[in-house]
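Report on the following structure.
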Amino acid sequence: MTAIPKPSSKRKNDDRPKLDEFTQQEIAERLQEAKQTDKPLILLVYRQGAVQGTVEKLDGDKQLIHIRQGYNDTVKIPFRDILKVEDPAY
């Protein structure tokens, strides 16, 4: 009888780029400012690419940023997946 290996429950190595504390703080400040002014942003998100919209909610408990992309379309993005925040070019 041959033993079947169990699936590994350990998380695989996270290949997400590591951001320094200064960059994380800068991203958080820009998100806060955009939320207060209802200003649109472009977020560069890990494994999703560019996401454009306005900050609808900053959920500190779940570490999620709610981005409104259209009238009824909202995307929830984990804060740790945000790599860069830019202003949209008009």
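Each chain in the structure tokens gets a letter, A, B and so on, in the order shown; residues start at 1 in every chain, and ligands are counted from 1 in the order they appear.
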
Inset, instruction - Could you find all residues in chain A that DSSP calls alpha helix (DSSP H) from the backbone, and write them as a PyMOL selection string? - result: chain A and resi 21-37

Print the selection's residues with N, CA, C and O atoms to a file, as a short mmCIF file (atom, residue, chain, number, x, y, z; two decimals), in the first residue's frame.
data_model
loop_
_atom_site.label_atom_id
_atom_site.label_comp_id
_atom_site.auth_asym_id
_atom_site.auth_seq_id
_atom_site.Cartn_x
_atom_site.Cartn_y
_atom_site.Cartn_z
N GLU A 21 8.72 50.99 5.50
CA GLU A 21 7.74 51.64 6.37
C GLU A 21 7.38 53.03 5.86
O GLU A 21 6.21 53.45 5.92
N PHE A 22 8.34 53.76 5.33
CA PHE A 22 8.09 55.10 4.80
C PHE A 22 7.10 55.05 3.64
O PHE A 22 6.16 55.85 3.57
N THR A 23 7.29 54.11 2.72
CA THR A 23 6.41 53.96 1.56
C THR A 23 5.01 53.58 2.00
O THR A 23 4.02 54.12 1.49
N GLN A 24 4.89 52.67 2.96
CA GLN A 24 3.58 52.28 3.47
C GLN A 24 2.86 53.47 4.11
O GLN A 24 1.66 53.66 3.92
N GLN A 25 3.59 54.27 4.85
CA GLN A 25 3.02 55.46 5.50
C GLN A 25 2.56 56.46 4.44
O GLN A 25 1.48 57.05 4.56
N GLU A 26 3.36 56.65 3.40
CA GLU A 26 3.00 57.58 2.33
C GLU A 26 1.72 57.13 1.61
O GLU A 26 0.83 57.94 1.33
N ILE A 27 1.61 55.83 1.34
CA ILE A 27 0.41 55.28 0.72
C ILE A 27 -0.81 55.52 1.61
O ILE A 27 -1.86 55.96 1.15
N ALA A 28 -0.67 55.24 2.90
CA ALA A 28 -1.78 55.43 3.85
C ALA A 28 -2.23 56.89 3.89
O ALA A 28 -3.43 57.17 3.90
N GLU A 29 -1.28 57.82 3.89
CA GLU A 29 -1.62 59.23 3.92
C GLU A 29 -2.34 59.67 2.65
O GLU A 29 -3.32 60.43 2.71
N ARG A 30 -1.88 59.19 1.50
CA ARG A 30 -2.54 59.55 0.24
C ARG A 30 -3.95 58.99 0.17
O ARG A 30 -4.86 59.63 -0.35
N LEU A 31 -4.15 57.78 0.70
CA LEU A 31 -5.49 57.19 0.73
C LEU A 31 -6.41 57.98 1.65
O LEU A 31 -7.57 58.24 1.31
N GLN A 32 -5.90 58.39 2.81
CA GLN A 32 -6.69 59.19 3.75
C GLN A 32 -7.10 60.52 3.11
O GLN A 32 -8.26 60.93 3.20
N GLU A 33 -6.15 61.18 2.46
CA GLU A 33 -6.43 62.46 1.82
C GLU A 33 -7.47 62.29 0.70
O GLU A 33 -8.40 63.09 0.58
N ALA A 34 -7.31 61.23 -0.10
CA ALA A 34 -8.26 60.98 -1.19
C ALA A 34 -9.65 60.69 -0.66
O ALA A 34 -10.65 61.09 -1.25
N LYS A 35 -9.74 60.02 0.48
CA LYS A 35 -11.04 59.72 1.09
C LYS A 35 -11.72 61.01 1.54
O LYS A 35 -12.90 61.22 1.31
N GLN A 36 -10.96 61.89 2.16
CA GLN A 36 -11.52 63.14 2.68
C GLN A 36 -11.95 64.08 1.56
O GLN A 36 -12.94 64.79 1.70
N THR A 37 -11.23 64.09 0.45
CA THR A 37 -11.52 65.03 -0.64
C THR A 37 -12.32 64.39 -1.77
O THR A 37 -12.66 65.08 -2.73
#

Legend entry - Long-range neighbours of stretch 40-43 of chain A as a PyMOL selection string, 7 Å cut-off, only C-alpha atoms, 2 positions minimum in chain: chain A and resi 34+38+45+50-54+82+84-88

Legend entry - strand (DSSP E or B) per DSSP on the backbone: members of chain A, as number ranges by chain: A: 40-45, 49-59, 64-68, 74-78, 82-86

Put those residues in a file: N, CA and C atoms, as a JSON list (two decimals), in the first residue's frame.
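The result, written out as part.json:
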[["chain", "number", "residue", "atom", "x", "y", "z"],
["A", 40, "PRO", "N", -10.27, 61.09, -7.12],
["A", 40, "PRO", "CA", -9.97, 59.80, -7.76],
["A", 40, "PRO", "C", -8.46, 59.50, -7.73],
["A", 41, "LEU", "N", -8.15, 58.21, -7.67],
["A", 41, "LEU", "CA", -6.76, 57.73, -7.64],
["A", 41, "LEU", "C", -6.61, 56.55, -8.58],
["A", 42, "ILE", "N", -5.35, 56.27, -8.89],
["A", 42, "ILE", "CA", -5.00, 55.02, -9.57],
["A", 42, "ILE", "C", -4.10, 54.25, -8.60],
["A", 43, "LEU", "N", -4.50, 53.03, -8.28],
["A", 43, "LEU", "CA", -3.72, 52.19, -7.38],
["A", 43, "LEU", "C", -3.05, 51.09, -8.19],
["A", 44, "LEU", "N", -1.77, 50.89, -7.97],
["A", 44, "LEU", "CA", -1.08, 49.75, -8.56],
["A", 44, "LEU", "C", -1.17, 48.63, -7.53],
["A", 45, "VAL", "N", -1.89, 47.57, -7.88],
["A", 45, "VAL", "CA", -2.21, 46.51, -6.93],
["A", 45, "VAL", "C", -1.51, 45.22, -7.34],
["A", 49, "GLY", "N", -2.91, 44.63, -11.14],
["A", 49, "GLY", "CA", -2.61, 45.74, -12.04],
["A", 49, "GLY", "C", -3.18, 47.04, -11.51],
["A", 50, "ALA", "N", -3.52, 47.93, -12.43],
["A", 50, "ALA", "CA", -4.02, 49.24, -12.06],
["A", 50, "ALA", "C", -5.51, 49.21, -11.76],
["A", 51, "VAL", "N", -5.90, 49.86, -10.68],
["A", 51, "VAL", "CA", -7.30, 49.99, -10.29],
["A", 51, "VAL", "C", -7.56, 51.48, -10.11],
["A", 52, "GLN", "N", -8.55, 52.02, -10.82],
["A", 52, "GLN", "CA", -8.85, 53.44, -10.72],
["A", 52, "GLN", "C", -10.22, 53.64, -10.10],
["A", 53, "GLY", "N", -10.32, 54.63, -9.23],
["A", 53, "GLY", "CA", -11.58, 54.95, -8.61],
["A", 53, "GLY", "C", -11.38, 55.89, -7.44],
["A", 54, "THR", "N", -12.44, 56.05, -6.64],
["A", 54, "THR", "CA", -12.37, 56.89, -5.45],
["A", 54, "THR", "C", -12.46, 56.02, -4.21],
["A", 55, "VAL", "N", -11.81, 56.47, -3.15],
["A", 55, "VAL", "CA", -11.80, 55.72, -1.89],
["A", 55, "VAL", "C", -13.17, 55.90, -1.23],
["A", 56, "GLU", "N", -13.87, 54.78, -1.07],
["A", 56, "GLU", "CA", -15.18, 54.81, -0.44],
["A", 56, "GLU", "C", -15.09, 54.57, 1.06],
["A", 57, "LYS", "N", -14.19, 53.65, 1.45],
["A", 57, "LYS", "CA", -14.08, 53.29, 2.87],
["A", 57, "LYS", "C", -12.67, 52.76, 3.14],
["A", 58, "LEU", "N", -12.15, 53.10, 4.32],
["A", 58, "LEU", "CA", -10.89, 52.55, 4.81],
["A", 58, "LEU", "C", -11.24, 51.67, 6.01],
["A", 59, "ASP", "N", -11.18, 50.36, 5.82],
["A", 59, "ASP", "CA", -11.57, 49.42, 6.87],
["A", 59, "ASP", "C", -10.31, 48.96, 7.61],
["A", 64, "LEU", "N", -8.75, 46.53, 4.68],
["A", 64, "LEU", "CA", -9.23, 46.60, 3.31],
["A", 64, "LEU", "C", -9.52, 48.04, 2.92],
["A", 65, "ILE", "N", -9.27, 48.35, 1.66],
["A", 65, "ILE", "CA", -9.61, 49.64, 1.10],
["A", 65, "ILE", "C", -10.74, 49.39, 0.11],
["A", 66, "HIS", "N", -11.86, 50.09, 0.26],
["A", 66, "HIS", "CA", -13.00, 49.96, -0.65],
["A", 66, "HIS", "C", -12.88, 51.06, -1.70],
["A", 67, "ILE", "N", -12.75, 50.67, -2.97],
["A", 67, "ILE", "CA", -12.60, 51.62, -4.07],
["A", 67, "ILE", "C", -13.86, 51.58, -4.92],
["A", 68, "ARG", "N", -14.49, 52.73, -5.09],
["A", 68, "ARG", "CA", -15.69, 52.83, -5.94],
["A", 68, "ARG", "C", -15.22, 53.12, -7.36],
["A", 74, "THR", "N", -17.94, 48.45, -6.53],
["A", 74, "THR", "CA", -16.94, 48.67, -5.49],
["A", 74, "THR", "C", -16.01, 47.48, -5.42],
["A", 75, "VAL", "N", -14.71, 47.76, -5.35],
["A", 75, "VAL", "CA", -13.68, 46.72, -5.25],
["A", 75, "VAL", "C", -13.04, 46.84, -3.87],
["A", 76, "LYS", "N", -12.82, 45.71, -3.20],
["A", 76, "LYS", "CA", -12.16, 45.70, -1.90],
["A", 76, "LYS", "C", -10.73, 45.19, -2.11],
["A", 77, "ILE", "N", -9.76, 45.99, -1.70],
["A", 77, "ILE", "CA", -8.36, 45.68, -1.92],
["A", 77, "ILE", "C", -7.64, 45.62, -0.57],
["A", 78, "PRO", "N", -6.92, 44.54, -0.30],
["A", 78, "PRO", "CA", -6.12, 44.49, 0.94],
["A", 78, "PRO", "C", -5.03, 45.57, 0.90],
["A", 82, "ILE", "N", -1.40, 46.97, -2.04],
["A", 82, "ILE", "CA", -1.21, 48.23, -2.75],
["A", 82, "ILE", "C", 0.29, 48.53, -2.82],
["A", 83, "LEU", "N", 0.78, 48.66, -4.05],
["A", 83, "LEU", "CA", 2.20, 48.90, -4.26],
["A", 83, "LEU", "C", 2.51, 50.38, -4.51],
["A", 84, "LYS", "N", 1.53, 51.09, -5.09],
["A", 84, "LYS", "CA", 1.77, 52.49, -5.46],
["A", 84, "LYS", "C", 0.43, 53.20, -5.62],
["A", 85, "VAL", "N", 0.41, 54.49, -5.32],
["A", 85, "VAL", "CA", -0.78, 55.33, -5.48],
["A", 85, "VAL", "C", -0.40, 56.50, -6.38],
["A", 86, "GLU", "N", -1.22, 56.72, -7.42],
["A", 86, "GLU", "CA", -0.93, 57.80, -8.36],
["A", 86, "GLU", "C", -2.18, 58.63, -8.60]]

Inset, instruction - Grab the atom CA of A:Pro17 to atom CA of A:Gly70 distance for me, in Å with one decimal place. - result: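 Calculated distance between atom CA of A:Pro17 and atom CA of A:Gly70 is 28.9 Å.
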
Inset, instruction - Enter the distance from atom CA of A:Gln48 to atom CA of A:Gln63, in Å, rounded to one decimal. - result: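 Between atom CA of A:Gln48 and atom CA of A:Gln63 the gap works out to 17.2 Å.
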
Legend entry - Residue nearest A:Asp81 - candidates A:Tyr46, A:Lys39, A:Asp20, A:Asp61, atoms counted: only C-alpha atoms: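 Closest residue, counting only C-alpha atoms: A:Tyr46.
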